[in-house]
file my_file20.json (JSON, C-alpha atoms and all ligand atoms)
[["chain", "number", "residue", "atom", "x", "y", "z"],
["E", 1, "MET", "CA", 168.75, 170.77, 299.34],
["E", 2, "ASN", "CA", 168.52, 174.20, 297.67],
["E", 3, "ARG", "CA", 165.14, 175.66, 296.63],
["E", 4, "GLY", "CA", 165.87, 175.30, 292.91],
["E", 5, "ALA", "CA", 166.64, 171.59, 293.24],
["E", 6, "SER", "CA", 163.55, 170.85, 295.34],
["E", 7, "LEU", "CA", 161.35, 172.78, 292.86],
["E", 8, "HIS", "CA", 162.89, 170.76, 290.04],
["E", 9, "ILE", "CA", 162.11, 167.48, 291.85],
["E", 10, "ARG", "CA", 158.53, 168.60, 292.60],
["E", 11, "LYS", "CA", 158.03, 169.54, 288.94],
["E", 12, "TYR", "CA", 159.43, 166.16, 287.90],
["E", 13, "GLU", "CA", 157.15, 164.31, 290.35],
["E", 14, "MET", "CA", 154.09, 166.28, 289.14],
["E", 15, "LYS", "CA", 154.98, 165.43, 285.55],
["E", 16, "ARG", "CA", 155.43, 161.78, 286.48],
["E", 17, "ALA", "CA", 152.12, 161.73, 288.30],
["E", 18, "THR", "CA", 150.22, 163.02, 285.28],
["E", 19, "LYS", "CA", 151.77, 160.58, 282.79],
["E", 20, "PHE", "CA", 152.50, 156.87, 282.43],
["E", 21, "GLY", "CA", 156.01, 155.70, 281.50],
["E", 22, "PRO", "CA", 156.35, 155.20, 278.59],
["E", 23, "THR", "CA", 158.18, 151.91, 279.15],
["E", 24, "GLU", "CA", 159.99, 149.77, 276.62],
["E", 25, "ARG", "CA", 156.85, 147.75, 275.92],
["E", 26, "THR", "CA", 154.39, 150.67, 275.89],
["E", 27, "THR", "CA", 156.43, 152.76, 273.45],
["E", 28, "LEU", "CA", 154.49, 152.90, 270.19],
["E", 29, "LYS", "CA", 156.71, 151.90, 267.31],
["E", 30, "ARG", "CA", 153.96, 151.95, 264.68],
["E", 31, "LEU", "CA", 152.74, 155.55, 264.13],
["E", 32, "PRO", "CA", 154.19, 156.96, 267.38],
["E", 33, "LYS", "CA", 152.50, 160.34, 266.77],
["E", 34, "ARG", "CA", 149.26, 158.60, 267.79],
["E", 35, "ALA", "CA", 150.65, 157.70, 271.23],
["E", 36, "PHE", "CA", 149.38, 159.31, 274.43],
["E", 37, "TYR", "CA", 150.55, 158.57, 277.95],
["E", 38, "GLU", "CA", 148.67, 161.24, 279.95],
["E", 39, "ARG", "CA", 146.69, 159.63, 282.77],
["E", 40, "LYS", "CA", 143.80, 162.01, 282.10],
["E", 41, "ILE", "CA", 143.48, 160.86, 278.49],
["E", 42, "ILE", "CA", 143.86, 157.18, 279.39],
["E", 43, "TYR", "CA", 141.37, 157.40, 282.27],
["E", 44, "ASN", "CA", 138.83, 159.20, 280.06],
["E", 45, "ILE", "CA", 138.98, 156.34, 277.54],
["E", 46, "LEU", "CA", 138.69, 153.74, 280.31],
["E", 47, "ASP", "CA", 135.75, 155.58, 281.85],
["E", 48, "GLU", "CA", 133.91, 155.83, 278.52],
["E", 49, "GLY", "CA", 134.29, 152.16, 277.53],
["E", 50, "PHE", "CA", 131.96, 149.38, 278.59],
["E", 51, "ILE", "CA", 134.10, 146.33, 277.92],
["E", 52, "CYS", "CA", 137.75, 145.45, 278.03],
["E", 53, "HIS", "CA", 139.60, 142.53, 276.46],
["E", 54, "VAL", "CA", 141.79, 140.61, 278.87],
["E", 55, "GLY", "CA", 144.72, 138.78, 277.29],
["E", 56, "PHE", "CA", 146.80, 136.16, 279.08],
["E", 57, "VAL", "CA", 148.50, 132.83, 278.45],
["E", 58, "ASP", "CA", 146.46, 129.92, 279.80],
["E", 59, "THR", "CA", 149.02, 127.13, 280.37],
["E", 60, "HIS", "CA", 150.25, 127.07, 276.75],
["E", 61, "HIS", "CA", 147.70, 129.06, 274.75],
["E", 62, "PRO", "CA", 147.08, 132.78, 274.49],
["E", 63, "VAL", "CA", 143.46, 133.68, 275.36],
["E", 64, "VAL", "CA", 141.61, 136.99, 275.04],
["E", 65, "ILE", "CA", 138.40, 137.38, 277.01],
["E", 66, "PRO", "CA", 135.95, 140.28, 276.70],
["E", 67, "THR", "CA", 134.56, 141.39, 280.05],
["E", 68, "SER", "CA", 133.23, 144.40, 281.93],
["E", 69, "TYR", "CA", 135.35, 146.43, 284.29],
["E", 70, "GLY", "CA", 135.41, 149.40, 286.63],
["E", 71, "ARG", "CA", 138.10, 151.89, 287.55],
["E", 72, "ILE", "CA", 138.67, 153.46, 290.93],
["E", 73, "GLY", "CA", 141.62, 155.86, 290.89],
["E", 74, "GLU", "CA", 144.70, 153.96, 289.81],
["E", 75, "MET", "CA", 143.07, 150.52, 289.96],
["E", 76, "LEU", "CA", 141.20, 148.64, 287.28],
["E", 77, "TYR", "CA", 138.81, 146.03, 288.66],
["E", 78, "ILE", "CA", 137.42, 142.98, 286.88],
["E", 79, "HIS", "CA", 135.07, 140.46, 288.40],
["E", 80, "GLY", "CA", 133.12, 137.28, 287.73],
["E", 81, "SER", "CA", 132.34, 133.80, 288.95],
["E", 82, "ALA", "CA", 134.82, 132.40, 291.44],
["E", 83, "SER", "CA", 135.10, 129.40, 289.09],
["E", 84, "SER", "CA", 136.00, 131.51, 286.02],
["E", 85, "ARG", "CA", 139.06, 130.20, 284.24],
["E", 86, "MET", "CA", 140.14, 133.76, 283.45],
["E", 87, "LEU", "CA", 139.89, 134.99, 287.04],
["E", 88, "ARG", "CA", 141.49, 131.91, 288.57],
["E", 89, "SER", "CA", 144.40, 132.08, 286.10],
["E", 90, "LEU", "CA", 144.99, 135.78, 286.72],
["E", 91, "ALA", "CA", 144.68, 135.36, 290.49],
["E", 92, "ALA", "CA", 147.86, 133.27, 290.31],
["E", 93, "GLY", "CA", 149.71, 136.46, 289.35],
["E", 94, "ILE", "CA", 150.51, 135.71, 285.69],
["E", 95, "PRO", "CA", 151.16, 138.67, 283.34],
["E", 96, "VAL", "CA", 148.06, 140.22, 281.82],
["E", 97, "CYS", "CA", 147.40, 142.65, 278.99],
["E", 98, "VAL", "CA", 144.08, 144.53, 279.00],
["E", 99, "THR", "CA", 142.76, 146.64, 276.13],
["E", 100, "VAL", "CA", 139.79, 148.99, 275.84],
["E", 101, "THR", "CA", 138.70, 150.21, 272.41],
["E", 102, "LEU", "CA", 136.31, 152.98, 271.41],
["E", 103, "VAL", "CA", 135.47, 153.08, 267.71],
["E", 104, "ASP", "CA", 134.70, 156.66, 266.69],
["E", 105, "GLY", "CA", 134.23, 156.23, 262.96],
["E", 106, "LEU", "CA", 135.06, 154.68, 259.62],
["E", 107, "VAL", "CA", 137.65, 156.40, 257.49],
["E", 108, "LEU", "CA", 137.07, 156.05, 253.75],
["E", 109, "ALA", "CA", 140.15, 156.75, 251.69],
["E", 110, "ARG", "CA", 140.55, 156.97, 247.91],
["E", 111, "SER", "CA", 142.48, 153.70, 247.85],
["E", 112, "ILE", "CA", 141.48, 150.58, 249.75],
["E", 113, "PHE", "CA", 144.97, 150.48, 251.26],
["E", 114, "HIS", "CA", 144.48, 153.73, 253.20],
["E", 115, "HIS", "CA", 141.06, 152.92, 254.67],
["E", 116, "SER", "CA", 141.12, 153.12, 258.42],
["E", 117, "MET", "CA", 139.08, 153.75, 261.55],
["E", 118, "ASN", "CA", 139.03, 156.62, 263.96],
["E", 119, "TYR", "CA", 139.48, 155.26, 267.44],
["E", 120, "ARG", "CA", 140.70, 155.74, 270.96],
["E", 121, "SER", "CA", 142.25, 152.68, 272.54],
["E", 122, "VAL", "CA", 144.17, 151.84, 275.68],
["E", 123, "MET", "CA", 146.56, 149.00, 276.40],
["E", 124, "ILE", "CA", 147.50, 148.10, 279.97],
["E", 125, "PHE", "CA", 150.21, 145.69, 281.12],
["E", 126, "GLY", "CA", 150.48, 144.30, 284.60],
["E", 127, "THR", "CA", 149.45, 141.60, 287.01],
["E", 128, "ALA", "CA", 146.23, 141.16, 288.92],
["E", 129, "ASN", "CA", 145.61, 140.33, 292.53],
["E", 130, "VAL", "CA", 142.55, 139.16, 294.41],
["E", 131, "VAL", "CA", 140.49, 141.64, 296.39],
["E", 132, "GLY", "CA", 140.02, 139.80, 299.68],
["E", 133, "ASP", "CA", 138.78, 142.63, 301.84],
["E", 134, "GLU", "CA", 134.97, 142.62, 301.80],
["E", 135, "LYS", "CA", 134.72, 146.42, 301.94],
["E", 136, "GLU", "CA", 136.98, 146.89, 298.89],
["E", 137, "LYS", "CA", 135.14, 144.07, 297.10],
["E", 138, "LEU", "CA", 131.80, 145.81, 297.58],
["E", 139, "HIS", "CA", 133.36, 149.13, 296.58],
["E", 140, "ALA", "CA", 134.71, 147.52, 293.38],
["E", 141, "LEU", "CA", 131.38, 145.86, 292.57],
["E", 142, "ARG", "CA", 129.69, 149.21, 293.06],
["E", 143, "SER", "CA", 132.23, 150.74, 290.66],
["E", 144, "PHE", "CA", 131.27, 148.22, 287.91],
["E", 145, "SER", "CA", 127.65, 149.10, 288.34],
["E", 146, "GLU", "CA", 128.25, 152.85, 288.49],
["E", 147, "HIS", "CA", 130.61, 152.61, 285.53],
["E", 148, "VAL", "CA", 127.88, 151.23, 283.27],
["E", 149, "LEU", "CA", 124.73, 152.70, 284.81],
["E", 150, "PRO", "CA", 125.34, 155.43, 287.38],
["E", 151, "GLY", "CA", 122.52, 155.42, 289.95],
["E", 152, "ARG", "CA", 121.50, 151.77, 289.54],
["E", 153, "TRP", "CA", 123.38, 150.43, 292.57],
["E", 154, "ALA", "CA", 121.37, 152.54, 295.01],
["E", 155, "ASP", "CA", 118.09, 151.38, 293.46],
["E", 156, "VAL", "CA", 118.50, 147.59, 293.62],
["E", 157, "ARG", "CA", 119.28, 144.88, 296.18],
["E", 158, "GLU", "CA", 122.94, 144.71, 297.10],
["E", 159, "PRO", "CA", 124.81, 141.39, 296.83],
["E", 160, "ASN", "CA", 124.27, 139.09, 299.82],
["E", 161, "LYS", "CA", 126.98, 137.05, 301.57],
["E", 162, "VAL", "CA", 126.49, 133.99, 299.31],
["E", 163, "GLU", "CA", 126.58, 136.08, 296.12],
["E", 164, "LEU", "CA", 129.69, 137.88, 297.36],
["E", 165, "LYS", "CA", 131.37, 134.53, 298.05],
["E", 166, "GLN", "CA", 130.55, 133.34, 294.53],
["E", 167, "THR", "CA", 132.10, 136.47, 293.05],
["E", 168, "LEU", "CA", 135.82, 136.90, 292.54],
["E", 169, "VAL", "CA", 137.09, 140.45, 292.18],
["E", 170, "LEU", "CA", 140.58, 141.21, 290.90],
["E", 171, "ARG", "CA", 142.43, 144.49, 290.88],
["E", 172, "ILE", "CA", 145.01, 145.45, 288.29],
["E", 173, "PRO", "CA", 147.13, 148.43, 289.39],
["E", 174, "LEU", "CA", 147.41, 150.95, 286.55],
["E", 175, "LYS", "CA", 151.18, 151.33, 286.31],
["E", 176, "GLU", "CA", 152.05, 150.67, 282.68],
["E", 177, "ALA", "CA", 149.65, 151.88, 280.00],
["E", 178, "SER", "CA", 149.46, 153.58, 276.64],
["E", 179, "ALA", "CA", 146.73, 155.12, 274.53],
["E", 180, "LYS", "CA", 146.60, 155.26, 270.76],
["E", 181, "ILE", "CA", 144.25, 157.72, 269.11],
["E", 182, "ARG", "CA", 143.39, 158.28, 265.47],
["E", 183, "THR", "CA", 141.22, 161.21, 264.45],
["E", 184, "GLY", "CA", 140.40, 163.05, 261.28],
["E", 185, "ALA", "CA", 140.28, 162.58, 257.54],
["E", 186, "PRO", "CA", 141.89, 159.82, 255.48],
["E", 187, "VAL", "CA", 145.52, 160.21, 254.52],
["E", 188, "ASP", "CA", 145.82, 159.32, 250.84],
["E", 189, "GLU", "CA", 148.67, 159.15, 248.38],
["E", 190, "GLU", "CA", 149.09, 162.61, 246.76],
["E", 191, "SER", "CA", 148.56, 161.00, 243.37],
["E", 192, "ASP", "CA", 145.13, 159.66, 244.48],
["E", 193, "TYR", "CA", 143.53, 162.99, 245.52],
["E", 194, "ASN", "CA", 142.28, 163.54, 241.95],
["E", 195, "LEU", "CA", 140.34, 160.24, 241.94],
["E", 196, "ARG", "CA", 136.58, 160.81, 241.63],
["E", 197, "VAL", "CA", 135.53, 158.75, 244.63],
["E", 198, "TRP", "CA", 133.79, 159.73, 247.87],
["E", 199, "ALA", "CA", 136.29, 160.04, 250.67],
["E", 200, "GLY", "CA", 135.94, 161.15, 254.27],
["E", 201, "GLU", "CA", 134.74, 159.95, 257.66],
["E", 202, "LEU", "CA", 131.59, 158.26, 258.87],
["E", 203, "PRO", "CA", 131.31, 159.02, 262.61],
["E", 204, "LEU", "CA", 129.98, 156.08, 264.62],
["E", 205, "ARG", "CA", 128.68, 155.91, 268.16],
["E", 206, "ILE", "CA", 126.47, 153.82, 270.45],
["E", 207, "VAL", "CA", 122.79, 154.76, 270.30],
["E", 208, "ALA", "CA", 120.27, 153.69, 272.98],
["E", 209, "GLY", "CA", 117.01, 152.05, 271.91],
["E", 210, "THR", "CA", 113.68, 152.17, 273.74],
["E", 211, "PRO", "CA", 113.67, 150.41, 277.13],
["E", 212, "ILE", "CA", 111.66, 147.16, 277.21],
["E", 213, "GLN", "CA", 110.22, 146.39, 280.62],
["E", 214, "ASP", "CA", 110.65, 142.79, 281.83],
["E", 215, "PRO", "CA", 107.32, 141.04, 281.09],
["E", 216, "ARG", "CA", 107.61, 139.40, 284.54],
["E", 217, "SER", "CA", 107.50, 142.80, 286.28],
["E", 218, "GLU", "CA", 104.91, 142.68, 289.04],
["E", 219, "PHE", "CA", 104.60, 146.46, 289.34],
["E", 220, "GLU", "CA", 104.22, 149.41, 287.05],
["E", 221, "VAL", "CA", 107.51, 151.16, 287.79],
["E", 222, "PRO", "CA", 108.26, 154.42, 285.99],
["E", 223, "ILE", "CA", 111.52, 154.59, 284.06],
["E", 224, "PRO", "CA", 114.14, 155.67, 286.62],
["E", 225, "SER", "CA", 115.94, 158.96, 286.16],
["E", 226, "TYR", "CA", 119.31, 157.24, 285.74],
["E", 227, "LEU", "CA", 117.95, 155.26, 282.79],
["E", 228, "ASN", "CA", 116.68, 158.49, 281.26],
["E", 229, "ASN", "CA", 120.13, 159.96, 281.84],
["E", 230, "ILE", "CA", 121.92, 157.18, 280.00],
["E", 231, "MET", "CA", 119.32, 157.30, 277.21],
["E", 232, "ALA", "CA", 120.05, 161.02, 276.88],
["E", 233, "ARG", "CA", 123.78, 160.26, 276.75],
["E", 234, "PHE", "CA", 123.24, 157.75, 273.93],
["E", 235, "ARG", "CA", 120.39, 159.55, 272.21],
["E", 236, "ALA", "CA", 120.13, 159.11, 268.40],
["Q", 1, "LIG", "C1", 139.56, 150.06, 266.07],
["Q", 1, "LIG", "C2", 140.98, 149.80, 265.66],
["Q", 1, "LIG", "C3", 141.26, 149.30, 264.40],
["Q", 1, "LIG", "C4", 142.57, 149.03, 264.00],
["Q", 1, "LIG", "N1", 142.81, 148.48, 262.78],
["Q", 1, "LIG", "C5", 144.04, 148.10, 262.46],
["Q", 1, "LIG", "C6", 144.32, 147.37, 261.26],
["Q", 1, "LIG", "O1", 143.42, 147.04, 260.50],
["Q", 1, "LIG", "N2", 145.59, 147.00, 261.00],
["Q", 1, "LIG", "C7", 146.61, 147.31, 261.85],
["Q", 1, "LIG", "O2", 147.76, 146.95, 261.59],
["Q", 1, "LIG", "N3", 146.40, 148.01, 262.98],
["Q", 1, "LIG", "C8", 145.15, 148.41, 263.32],
["Q", 1, "LIG", "N4", 144.93, 149.08, 264.48],
["Q", 1, "LIG", "C9", 146.09, 149.50, 265.26],
["Q", 1, "LIG", "C10", 146.58, 148.36, 266.16],
["Q", 1, "LIG", "O3", 145.89, 148.41, 267.39],
["Q", 1, "LIG", "C11", 148.08, 148.47, 266.48],
["Q", 1, "LIG", "O4", 148.37, 149.71, 267.04],
["Q", 1, "LIG", "C12", 148.94, 148.28, 265.23],
["Q", 1, "LIG", "O5", 148.60, 147.10, 264.54],
["Q", 1, "LIG", "C13", 150.42, 148.22, 265.58],
["Q", 1, "LIG", "O6", 150.66, 147.05, 266.35],
["Q", 1, "LIG", "P1", 152.14, 146.76, 266.82],
["Q", 1, "LIG", "O7", 152.09, 145.55, 267.72],
["Q", 1, "LIG", "O8", 153.04, 146.77, 265.65],
["Q", 1, "LIG", "O9", 152.37, 148.07, 267.72],
["Q", 1, "LIG", "P2", 153.64, 148.63, 268.38],
["Q", 1, "LIG", "O10", 153.72, 150.08, 268.05],
["Q", 1, "LIG", "O11", 154.85, 147.78, 268.17],
["Q", 1, "LIG", "O12", 153.21, 148.47, 269.93],
["Q", 1, "LIG", "C14", 154.08, 148.85, 270.97],
["Q", 1, "LIG", "C15", 153.27, 149.32, 272.14],
["Q", 1, "LIG", "O13", 152.48, 150.44, 271.72],
["Q", 1, "LIG", "C16", 151.24, 150.42, 272.41],
["Q", 1, "LIG", "N5", 150.12, 150.26, 271.46],
["Q", 1, "LIG", "C17", 150.11, 149.71, 270.22],
["Q", 1, "LIG", "N6", 148.87, 149.73, 269.67],
["Q", 1, "LIG", "C18", 148.07, 150.29, 270.58],
["Q", 1, "LIG", "C19", 146.70, 150.57, 270.61],
["Q", 1, "LIG", "N7", 145.88, 150.31, 269.58],
["Q", 1, "LIG", "N8", 146.19, 151.16, 271.73],
["Q", 1, "LIG", "C20", 146.98, 151.45, 272.81],
["Q", 1, "LIG", "N9", 148.30, 151.22, 272.83],
["Q", 1, "LIG", "C21", 148.84, 150.64, 271.73],
["Q", 1, "LIG", "C22", 151.27, 149.24, 273.36],
["Q", 1, "LIG", "O14", 151.71, 149.64, 274.64],
["Q", 1, "LIG", "C23", 152.25, 148.31, 272.66],
["Q", 1, "LIG", "O15", 152.82, 147.37, 273.54],
["Q", 1, "LIG", "C24", 143.63, 149.33, 264.90],
["Q", 1, "LIG", "C25", 143.36, 149.85, 266.16],
["Q", 1, "LIG", "C26", 142.06, 150.05, 266.55],
["Q", 1, "LIG", "C27", 141.81, 150.56, 267.94]]
call {"tool": "encode", "arguments": {"input": "my_file20.json", "output": "structure tokens"}}
result
Amino acid sequence: MNRGASLHIRKYEMKRATKFGPTERTTLKRLPKRAFYERKIIYNILDEGFICHVGFVDTHHPVVIPTSYGRIGEMLYIHGSASSRMLRSLAAGIPVCVTVTLVDGLVLARSIFHHSMNYRSVMIFGTANVVGDEKEKLHALRSFSEHVLPGRWADVREPNKVELKQTLVLRIPLKEASAKIRTGAPVDEESDYNLRVWAGELPLRIVAGTPIQDPRSEFEVPIPSYLNNIMARFRA
């Protein structure tokens, strides 16, 4: 193979590695200018969110379940009780659609029709499989904990053998995903810009309150640094 051709293939592979698809089902038809397929953008949204919504068909009915998750590289992990309907259904290998949504603000337009929200959301299609290997299971469980509260895992008791047995962990390979992002001001009809009504954006974000120590605490334990860190991240 000549040097030009191999460079071309390498460039193509690098491009492929940094982006998802898009596939037929992840191609945004509605407002395609809001579509993003870069892994970096999609992973940033996944890493910022706390919950995902897992959609699947349970026998005959569609079901959407909110749950926590963790990401390690190109895998999304979800977990729960080994008797969970969601986890048992997905473990059978049925198709799943997972979404993560970050609401960044309310968008107030001059007409009710053009009101909107600023957001970053991700939609993932795929199938899940059970994490059987104990090492990967622990690694995934650690990723849930670190995803929500980095530093907590090292501070508390790790799951024992019985707890691990009661917990089912599934991995969903991140192969087919899209992001949709809306930012900025409202988009009104030209004829409405002269209406005397407040229009613009109200940014929204999660704000941490004051920690409340468990009344059953048997020791005076100072607030750990990782809790201070997350409070700083979500400071008012
Ligand atoms: C906070 C929030 C509020 C919203 N409010 C409304 C509303 O009130 N009314 C409304 O119609 N829509 C709203 N949307 C947009 C909504 O999520 C859909 O994008 C939109 O309804 C178009 O759906 P569709 O099935 O026609 O999309 P299509 O463009 O046909 O979807 C094709 C593919 O595009 C991708 N895609 C579509 N939507 C998203 C998404 N949100 N995130 C990631 N990938 C996506 C998926 O891969 C999907 O399979 C809101 C989104 C968010 C996050």
call {"tool": "closest_residue", "arguments": {"input": "my_file20.json", "among": "E:Trp153, E:Tyr119, E:Phe56, E:Phe20", "to": "Met86 (chain E)", "atoms": "all atoms listed in the file"}}
result
E:Phe56
call {"tool": "atom_distance", "arguments": {"input": "my_file20.json", "atom1": "CA of Leu87 (chain E)", "atom2": "atom O15 of ligand LIG 1 (chain Q)"}}
result
22.4 Å
call {"tool": "atom_distance", "arguments": {"input": "my_file20.json", "atom1": "CA of Pro32 (chain E)", "atom2": "atom P2 of ligand LIG 1 (chain Q)"}}
result
8.4 Å
call {"tool": "atom_distance", "arguments": {"input": "my_file20.json", "atom1": "atom C10 of ligand LIG 1 (chain Q)", "atom2": "CA of Ile206 (chain E)"}}
result
21.3 Å
call {"tool": "axis_aligned_box", "arguments": {"input": "my_file20.json", "around": "ligand LIG 1 (chain Q)", "padding_each_side": "3 Å", "output": "AutoDock Vina command-line options"}}
result
--center_x 147.2 --center_y 148.5 --center_z 267.6 --size_x 21.3 --size_y 11.9 --size_z 20.1
call {"tool": "closest_atom_pairs", "arguments": {"input": "my_file20.json", "of": "chain E", "to": "ligand LIG 1 (chain Q)", "cutoff": "6 Å", "atoms": "only C-alpha atoms and all ligand atoms", "output": "CSV"}}
result
residue,atom,partner,partner_atom,distance
E:Arg25,CA,Q:LIG1,O15,4.7
E:Thr26,CA,Q:LIG1,O14,3.1
E:Thr27,CA,Q:LIG1,C15,4.9
E:Leu28,CA,Q:LIG1,O13,3.5
E:Lys29,CA,Q:LIG1,O10,3.6
E:Arg30,CA,Q:LIG1,O10,3.9
E:Thr101,CA,Q:LIG1,C27,5.5
E:Val103,CA,Q:LIG1,C1,5.3
E:Met117,CA,Q:LIG1,C3,5.7
E:Tyr119,CA,Q:LIG1,C27,5.3
E:Ser121,CA,Q:LIG1,N8,4.3
E:Val122,CA,Q:LIG1,C20,4.0
E:Met123,CA,Q:LIG1,C20,4.4
E:Ser178,CA,Q:LIG1,N9,4.6
E:Ala179,CA,Q:LIG1,C20,4.1
E:Lys180,CA,Q:LIG1,N8,4.2
call {"tool": "residues_around", "arguments": {"input": "my_file20.json", "residues": "Ala232 (chain E)", "least_positions_apart": "6", "cutoff": "12 Å", "atoms": "all atoms listed in the file", "output": "PyMOL selection string"}}
result
chain E and resi 206-210+225-226
call {"tool": "closest_residue", "arguments": {"input": "my_file20.json", "among": "E:Leu76, E:Ile212, E:Leu202, E:Ile124", "to": "Gly55 (chain E)", "atoms": "only C-alpha atoms"}}
result
E:Ile124
